[in-house]
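*Asks:* Supplied structure: target-v9.cif, mmCIF, C-alpha atoms.
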```cif
data_run
#
loop_
_atom_site.group_PDB
_atom_site.id
_atom_site.type_symbol
_atom_site.label_atom_id
_atom_site.label_comp_id
_atom_site.auth_asym_id
_atom_site.auth_seq_id
_atom_site.Cartn_x
_atom_site.Cartn_y
_atom_site.Cartn_z
ATOM 1 C CA SER A 525 45.749 -17.384 14.401
ATOM 2 C CA SER A 526 44.254 -14.086 15.469
ATOM 3 C CA PHE A 527 40.512 -13.636 15.375
ATOM 4 C CA CYS A 528 37.910 -10.891 15.269
ATOM 5 C CA SER A 529 34.685 -12.387 16.521
ATOM 6 C CA LEU A 530 32.530 -12.556 19.586
ATOM 7 C CA ALA A 531 33.301 -15.933 21.034
ATOM 8 C CA THR A 532 34.314 -18.120 18.150
ATOM 9 C CA SER A 533 37.557 -19.987 17.883
ATOM 10 C CA GLY A 534 37.958 -19.217 14.153
ATOM 11 C CA GLY A 535 38.092 -15.757 12.697
ATOM 12 C CA ARG A 536 39.629 -13.342 10.256
ATOM 13 C CA GLU A 537 43.301 -13.298 9.472
ATOM 14 C CA GLY A 538 44.907 -9.884 9.543
ATOM 15 C CA ALA A 539 42.886 -8.215 12.299
ATOM 16 C CA GLU A 540 44.974 -5.515 13.954
ATOM 17 C CA ALA A 541 44.492 -6.725 17.501
ATOM 18 C CA PRO A 542 42.897 -9.989 18.593
ATOM 19 C CA VAL A 543 39.808 -9.681 20.744
ATOM 20 C CA PRO A 544 39.942 -12.090 23.668
ATOM 21 C CA ALA A 545 37.149 -14.570 24.248
ATOM 22 C CA MET A 546 34.228 -12.957 26.038
ATOM 23 C CA SER A 547 32.103 -13.915 28.971
ATOM 24 C CA LEU A 548 29.011 -15.976 28.259
ATOM 25 C CA ASP A 549 26.823 -12.963 27.503
ATOM 26 C CA GLY A 550 29.111 -11.638 24.737
ATOM 27 C CA LEU A 551 29.659 -8.052 23.611
ATOM 28 C CA ASP A 552 27.370 -5.131 23.028
ATOM 29 C CA ALA A 553 26.774 -3.948 19.454
ATOM 30 C CA ASP A 554 28.978 -0.882 19.862
ATOM 31 C CA THR A 555 31.983 -3.010 20.771
ATOM 32 C CA VAL A 556 31.313 -5.554 18.020
ATOM 33 C CA PHE A 557 30.951 -3.061 15.203
ATOM 34 C CA ASN A 558 33.715 -0.703 16.304
ATOM 35 C CA THR A 559 36.401 -3.403 16.685
ATOM 36 C CA PRO A 560 38.931 -3.295 13.819
ATOM 37 C CA CYS A 561 38.124 -6.204 11.534
ATOM 38 C CA PHE A 562 37.916 -6.986 7.834
ATOM 39 C CA GLY A 563 34.388 -8.379 8.136
ATOM 40 C CA TYR A 564 32.148 -10.894 9.785
ATOM 41 C CA THR A 565 30.401 -14.016 8.559
ATOM 42 C CA TYR A 566 27.240 -15.575 9.942
ATOM 43 C CA ASP A 567 29.375 -17.956 11.985
ATOM 44 C CA ASP A 568 31.102 -15.040 13.716
ATOM 45 C CA LEU A 569 27.970 -13.468 15.202
ATOM 46 C CA ILE A 570 25.291 -14.914 17.422
ATOM 47 C CA SER A 571 22.378 -12.737 18.404
ATOM 48 C CA LEU A 572 20.897 -13.679 21.753
ATOM 49 C CA PRO A 573 17.546 -12.313 22.958
ATOM 50 C CA GLY A 574 17.676 -10.125 26.008
ATOM 51 C CA GLN A 575 15.216 -8.493 28.361
ATOM 52 C CA ALA A 576 13.380 -5.594 26.731
ATOM 53 C CA THR A 577 13.406 -2.612 29.048
ATOM 54 C CA PRO A 578 10.523 -0.505 27.687
ATOM 55 C CA GLY A 579 6.944 -1.788 27.740
ATOM 56 C CA ASP A 580 5.024 -2.626 24.589
ATOM 57 C CA GLY A 581 3.385 0.802 24.460
ATOM 58 C CA ALA A 582 6.725 2.615 24.572
ATOM 59 C CA ILE A 583 7.949 1.240 21.249
ATOM 60 C CA ASP A 584 7.178 3.338 18.186
ATOM 61 C CA LEU A 585 7.911 1.861 14.760
ATOM 62 C CA ALA A 586 6.542 4.821 12.807
ATOM 63 C CA THR A 587 8.921 6.038 10.136
ATOM 64 C CA ARG A 588 8.979 8.703 7.467
ATOM 65 C CA PHE A 589 8.471 7.204 3.994
ATOM 66 C CA SER A 590 8.734 10.572 2.295
ATOM 67 C CA ARG A 591 8.792 14.189 3.342
ATOM 68 C CA ASN A 592 5.019 14.252 3.839
ATOM 69 C CA LEU A 593 4.145 10.620 4.572
ATOM 70 C CA VAL A 594 4.635 8.720 7.832
ATOM 71 C CA ILE A 595 3.886 4.988 7.987
ATOM 72 C CA ASN A 596 3.183 3.119 11.219
ATOM 73 C CA SER A 597 5.388 0.135 10.597
ATOM 74 C CA PRO A 598 8.563 0.034 8.513
ATOM 75 C CA ILE A 599 7.234 -2.415 5.939
ATOM 76 C CA VAL A 600 7.556 -1.388 2.291
ATOM 77 C CA ALA A 601 6.896 -3.548 -0.765
ATOM 78 C CA ALA A 602 9.254 -2.642 -3.597
ATOM 79 C CA PRO A 603 7.921 -1.402 -6.957
ATOM 80 C CA MET A 604 8.892 -4.556 -8.862
ATOM 81 C CA ALA A 605 6.624 -6.674 -11.058
ATOM 82 C CA SER A 606 7.535 -9.787 -9.076
ATOM 83 C CA VAL A 607 6.879 -8.066 -5.742
ATOM 84 C CA CYS A 608 4.091 -5.506 -5.671
ATOM 85 C CA GLU A 609 0.787 -5.489 -7.485
ATOM 86 C CA GLY A 610 -2.653 -4.658 -6.091
ATOM 87 C CA GLN A 611 -3.090 -7.583 -3.695
ATOM 88 C CA MET A 612 0.410 -7.208 -2.198
ATOM 89 C CA ALA A 613 -0.017 -3.439 -1.813
ATOM 90 C CA LEU A 614 -3.301 -4.089 0.008
ATOM 91 C CA ALA A 615 -1.775 -6.722 2.318
ATOM 92 C CA VAL A 616 1.138 -4.448 3.206
ATOM 93 C CA ALA A 617 -1.205 -1.503 3.804
ATOM 94 C CA LEU A 618 -3.315 -3.598 6.173
ATOM 95 C CA SER A 619 -0.118 -4.328 8.120
ATOM 96 C CA GLY A 620 0.561 -0.607 8.518
ATOM 97 C CA GLY A 621 3.135 -0.341 5.745
ATOM 98 C CA ILE A 622 2.992 0.769 2.146
ATOM 99 C CA GLY A 623 3.230 -1.001 -1.188
ATOM 100 C CA VAL A 624 4.588 0.827 -4.211
ATOM 101 C CA VAL A 625 2.824 -0.573 -7.281
ATOM 102 C CA HIS A 626 5.252 -1.233 -10.120
ATOM 103 C CA CYS A 627 5.024 0.578 -13.462
ATOM 104 C CA GLU A 628 6.210 -2.274 -15.693
ATOM 105 C CA CYS A 629 2.770 -2.572 -17.291
ATOM 106 C CA ASP A 630 0.207 -0.565 -19.238
ATOM 107 C CA PRO A 631 -1.251 2.442 -17.401
ATOM 108 C CA ASP A 632 -4.691 0.778 -17.396
ATOM 109 C CA VAL A 633 -3.326 -2.316 -15.658
ATOM 110 C CA GLN A 634 -1.443 -0.177 -13.150
ATOM 111 C CA ALA A 635 -4.658 1.765 -12.463
ATOM 112 C CA GLU A 636 -6.444 -1.539 -11.777
ATOM 113 C CA HIS A 637 -3.803 -2.442 -9.175
ATOM 114 C CA VAL A 638 -4.216 0.925 -7.475
ATOM 115 C CA THR A 639 -8.023 0.597 -7.593
ATOM 116 C CA VAL A 640 -7.822 -2.704 -5.689
ATOM 117 C CA VAL A 641 -6.223 -0.853 -2.782
ATOM 118 C CA LYS A 642 -8.246 2.356 -2.945
ATOM 119 C CA GLN A 643 -11.631 0.621 -3.097
ATOM 120 C CA TYR A 644 -10.913 -1.658 -0.151
ATOM 121 C CA GLU A 645 -13.056 -0.979 2.896
ATOM 122 C CA HIS A 646 -12.037 -3.111 5.865
ATOM 123 C CA GLY A 647 -14.983 -5.336 6.738
ATOM 124 C CA PHE A 648 -17.278 -3.957 4.031
ATOM 125 C CA ILE A 649 -17.642 -4.928 0.411
ATOM 126 C CA MET A 650 -18.583 -1.696 -1.306
ATOM 127 C CA ASP A 651 -19.030 -3.075 -4.823
ATOM 128 C CA PRO A 652 -20.148 -6.714 -4.553
ATOM 129 C CA MET A 653 -20.372 -8.934 -7.599
ATOM 130 C CA THR A 654 -23.950 -9.847 -8.416
ATOM 131 C CA LEU A 655 -25.702 -12.242 -10.761
ATOM 132 C CA SER A 656 -29.342 -13.134 -11.251
ATOM 133 C CA SER A 657 -30.965 -16.428 -10.317
ATOM 134 C CA VAL A 658 -31.166 -17.388 -14.005
ATOM 135 C CA SER A 659 -27.405 -16.914 -14.475
ATOM 136 C CA THR A 660 -25.360 -20.087 -14.794
ATOM 137 C CA VAL A 661 -22.323 -21.547 -13.066
ATOM 138 C CA GLU A 662 -20.361 -20.493 -16.178
ATOM 139 C CA ASP A 663 -21.225 -16.842 -15.386
ATOM 140 C CA TYR A 664 -19.964 -17.380 -11.838
ATOM 141 C CA ASP A 665 -16.763 -18.953 -13.222
ATOM 142 C CA ARG A 666 -16.123 -15.881 -15.412
ATOM 143 C CA ILE A 667 -16.424 -13.535 -12.418
ATOM 144 C CA ARG A 668 -14.213 -15.809 -10.327
ATOM 145 C CA GLU A 669 -11.544 -15.954 -13.036
ATOM 146 C CA LYS A 670 -11.577 -12.232 -13.837
ATOM 147 C CA HIS A 671 -11.834 -10.775 -10.322
ATOM 148 C CA GLY A 672 -10.680 -13.609 -8.032
ATOM 149 C CA ILE A 673 -13.957 -13.337 -6.094
ATOM 150 C CA ARG A 674 -15.458 -16.533 -4.720
ATOM 151 C CA THR A 675 -18.732 -15.175 -3.323
ATOM 152 C CA VAL A 676 -21.462 -13.688 -5.510
ATOM 153 C CA LEU A 677 -24.773 -12.225 -4.413
ATOM 154 C CA ILE A 678 -27.883 -13.279 -6.316
ATOM 155 C CA THR A 679 -30.258 -10.356 -6.865
ATOM 156 C CA GLU A 680 -33.305 -9.604 -8.997
ATOM 157 C CA GLY A 681 -31.929 -8.680 -12.394
ATOM 158 C CA GLY A 682 -28.347 -9.303 -11.221
ATOM 159 C CA VAL A 683 -27.673 -5.673 -10.263
ATOM 160 C CA VAL A 684 -26.607 -3.995 -7.030
ATOM 161 C CA GLY A 685 -29.471 -2.241 -5.286
ATOM 162 C CA SER A 686 -32.181 -4.700 -6.299
ATOM 163 C CA LYS A 687 -33.804 -7.259 -4.001
ATOM 164 C CA LEU A 688 -31.418 -9.858 -2.566
ATOM 165 C CA GLN A 689 -32.477 -13.408 -3.426
ATOM 166 C CA GLY A 690 -29.522 -15.472 -2.227
ATOM 167 C CA ILE A 691 -25.799 -16.088 -2.285
ATOM 168 C CA VAL A 692 -23.452 -18.428 -4.158
ATOM 169 C CA THR A 693 -19.989 -19.328 -2.877
ATOM 170 C CA SER A 694 -17.213 -21.532 -4.202
ATOM 171 C CA ARG A 695 -18.464 -24.372 -1.979
ATOM 172 C CA ASP A 696 -21.765 -24.308 -3.850
ATOM 173 C CA VAL A 697 -20.235 -24.585 -7.329
ATOM 174 C CA ASP A 698 -16.988 -26.522 -6.965
ATOM 175 C CA LEU A 699 -18.625 -29.938 -7.232
ATOM 176 C CA VAL A 700 -21.142 -29.006 -9.935
ATOM 177 C CA THR A 701 -20.171 -30.873 -13.109
ATOM 178 C CA ASN A 702 -22.702 -29.248 -15.467
ATOM 179 C CA ARG A 703 -21.491 -25.631 -15.729
ATOM 180 C CA LYS A 704 -24.763 -24.649 -17.465
ATOM 181 C CA THR A 705 -26.694 -25.233 -14.225
ATOM 182 C CA ARG A 706 -28.713 -22.198 -13.146
ATOM 183 C CA LEU A 707 -27.623 -20.570 -9.904
ATOM 184 C CA GLU A 708 -31.180 -20.682 -8.506
ATOM 185 C CA LYS A 709 -30.733 -24.465 -8.152
ATOM 186 C CA ILE A 710 -27.540 -24.292 -6.078
ATOM 187 C CA MET A 711 -27.680 -20.912 -4.291
ATOM 188 C CA THR A 712 -28.328 -20.467 -0.594
ATOM 189 C CA PRO A 713 -31.699 -18.632 -0.558
ATOM 190 C CA ARG A 714 -32.150 -15.407 1.408
ATOM 191 C CA GLY A 715 -34.359 -17.185 3.952
ATOM 192 C CA LYS A 716 -31.394 -19.330 5.039
ATOM 193 C CA MET A 717 -28.921 -16.414 5.111
ATOM 194 C CA ARG A 718 -28.067 -14.372 8.160
ATOM 195 C CA VAL A 719 -28.390 -10.753 7.131
ATOM 196 C CA ALA A 720 -28.008 -7.526 9.101
ATOM 197 C CA ARG A 721 -31.054 -5.343 9.467
#
```
When written as structure tokens, how does the structure in this file appear?
*Replies:*
Amino acid sequence: SSFCSLATSGGREGAEAPVPAMSLDGLDADTVFNTPCFGYTYDDLISLPGQATPGDGAIDLATRFSRNLVINSPIVAAPMASVCEGQMALAVALSGGIGVVHCECDPDVQAEHVTVVKQYEHGFIMDPMTLSSVSTVEDYDRIREKHGIRTVLITEGGVVGSKLQGIVTSRDVDLVTNRKTRLEKIMTPRGKMRVAR
């Protein structure tokens, strides 16, 4: 039987001219894809790594996403409900790509997804969640469930901008059985925290 593959013994019936078996390093892409053939299967092609000629700095993956937007790496998350919401858009953006948030939800929900990305500051938490020392583990649980945040700052009055008293993380509350326990009893106090000056 005739065949239309790199170096396989099987192949496609009906190819116009059989391609003889190749040397051990195979064919270049131009020869493979310009040889008359009905199609290839995964068994027909084997991609072998070769020596890269340019250095790392010479490779540019930047691509045009739209007429006015260039992204640094060709990674795009599709606007589908099962693919791209706020957290995925953020992860893709941090990789140099772009995530298109889907519109299969209410405008308010879509705005929340966009806000997750827009409010992100790499390395800085611009709007930390805060509670007061008299708040309970139940209050922490509500914040954790609603926002997915596992670290909460304890401040006077439970508001941003007031004096920092301590911090509560998931490690502090996970083993607490009484969810009505006040955070002042389980928090790491400011004296034991390492804070920037």
*Asks:* Once the PyMOL selection byres ((chain A and resi 665) around 12) has been applied to the shown file, what residues remain in the selection, as a count of residues only?
*Replies:* 29
*Asks:* Which residues match the PyMOL selection byres ((chain A and resi 679) around 12) in the file above, as a PyMOL selection string?
*Replies:* chain A and resi 652-659+676-678+680-692+707-708+711+713-714
*Asks:* What is the distance, in Å and to one decimal place, between atom CA of A:Ile649 and atom CA of A:Val624?
*Replies:* 23.4 Å
*Asks:* Grab the atom CA of A:Gly579 to atom CA of A:Pro598 distance for me, in Å with one decimal place.
*Replies:*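 Rounded to one decimal, the two atoms are 19.4 Å apart.
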*Asks:* When the PyMOL selection byres ((chain A and resi 622) around 10) is applied to the structure above, which residues does it catch, written out as a count of residues only?
*Replies:* 23
*Asks:* Can you fill out stretch 676-687 of chain A with N, CA and C atoms and hand it back as a JSON list (two decimals), in the coordinates of the input?
*Replies:*
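Saved to part_14.json:
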```
[["chain", "number", "residue", "atom", "x", "y", "z"],
["A", 676, "VAL", "N", -20.65, -14.55, -4.65],
["A", 676, "VAL", "CA", -21.46, -13.69, -5.51],
["A", 676, "VAL", "C", -22.86, -13.62, -4.94],
["A", 677, "LEU", "N", -23.40, -12.40, -4.87],
["A", 677, "LEU", "CA", -24.77, -12.22, -4.41],
["A", 677, "LEU", "C", -25.72, -12.43, -5.58],
["A", 678, "ILE", "N", -26.85, -13.07, -5.30],
["A", 678, "ILE", "CA", -27.88, -13.28, -6.32],
["A", 678, "ILE", "C", -28.99, -12.27, -6.04],
["A", 679, "THR", "N", -29.24, -11.40, -7.02],
["A", 679, "THR", "CA", -30.26, -10.36, -6.86],
["A", 679, "THR", "C", -31.23, -10.40, -8.04],
["A", 680, "GLU", "N", -32.36, -9.72, -7.89],
["A", 680, "GLU", "CA", -33.30, -9.60, -9.00],
["A", 680, "GLU", "C", -32.64, -8.80, -10.11],
["A", 681, "GLY", "N", -32.54, -9.36, -11.27],
["A", 681, "GLY", "CA", -31.93, -8.68, -12.39],
["A", 681, "GLY", "C", -30.41, -8.70, -12.37],
["A", 682, "GLY", "N", -29.80, -9.20, -11.30],
["A", 682, "GLY", "CA", -28.35, -9.30, -11.22],
["A", 682, "GLY", "C", -27.63, -7.99, -11.05],
["A", 683, "VAL", "N", -28.30, -6.99, -10.45],
["A", 683, "VAL", "CA", -27.67, -5.67, -10.26],
["A", 683, "VAL", "C", -27.68, -5.28, -8.79],
["A", 684, "VAL", "N", -26.69, -4.50, -8.40],
["A", 684, "VAL", "CA", -26.61, -4.00, -7.03],
["A", 684, "VAL", "C", -27.76, -3.03, -6.80],
["A", 685, "GLY", "N", -28.37, -3.14, -5.63],
["A", 685, "GLY", "CA", -29.47, -2.24, -5.29],
["A", 685, "GLY", "C", -30.84, -2.89, -5.46],
["A", 686, "SER", "N", -30.90, -4.00, -6.16],
["A", 686, "SER", "CA", -32.18, -4.70, -6.30],
["A", 686, "SER", "C", -32.34, -5.71, -5.17],
["A", 687, "LYS", "N", -33.48, -6.36, -5.10],
["A", 687, "LYS", "CA", -33.80, -7.26, -4.00],
["A", 687, "LYS", "C", -32.85, -8.46, -3.96]]
```
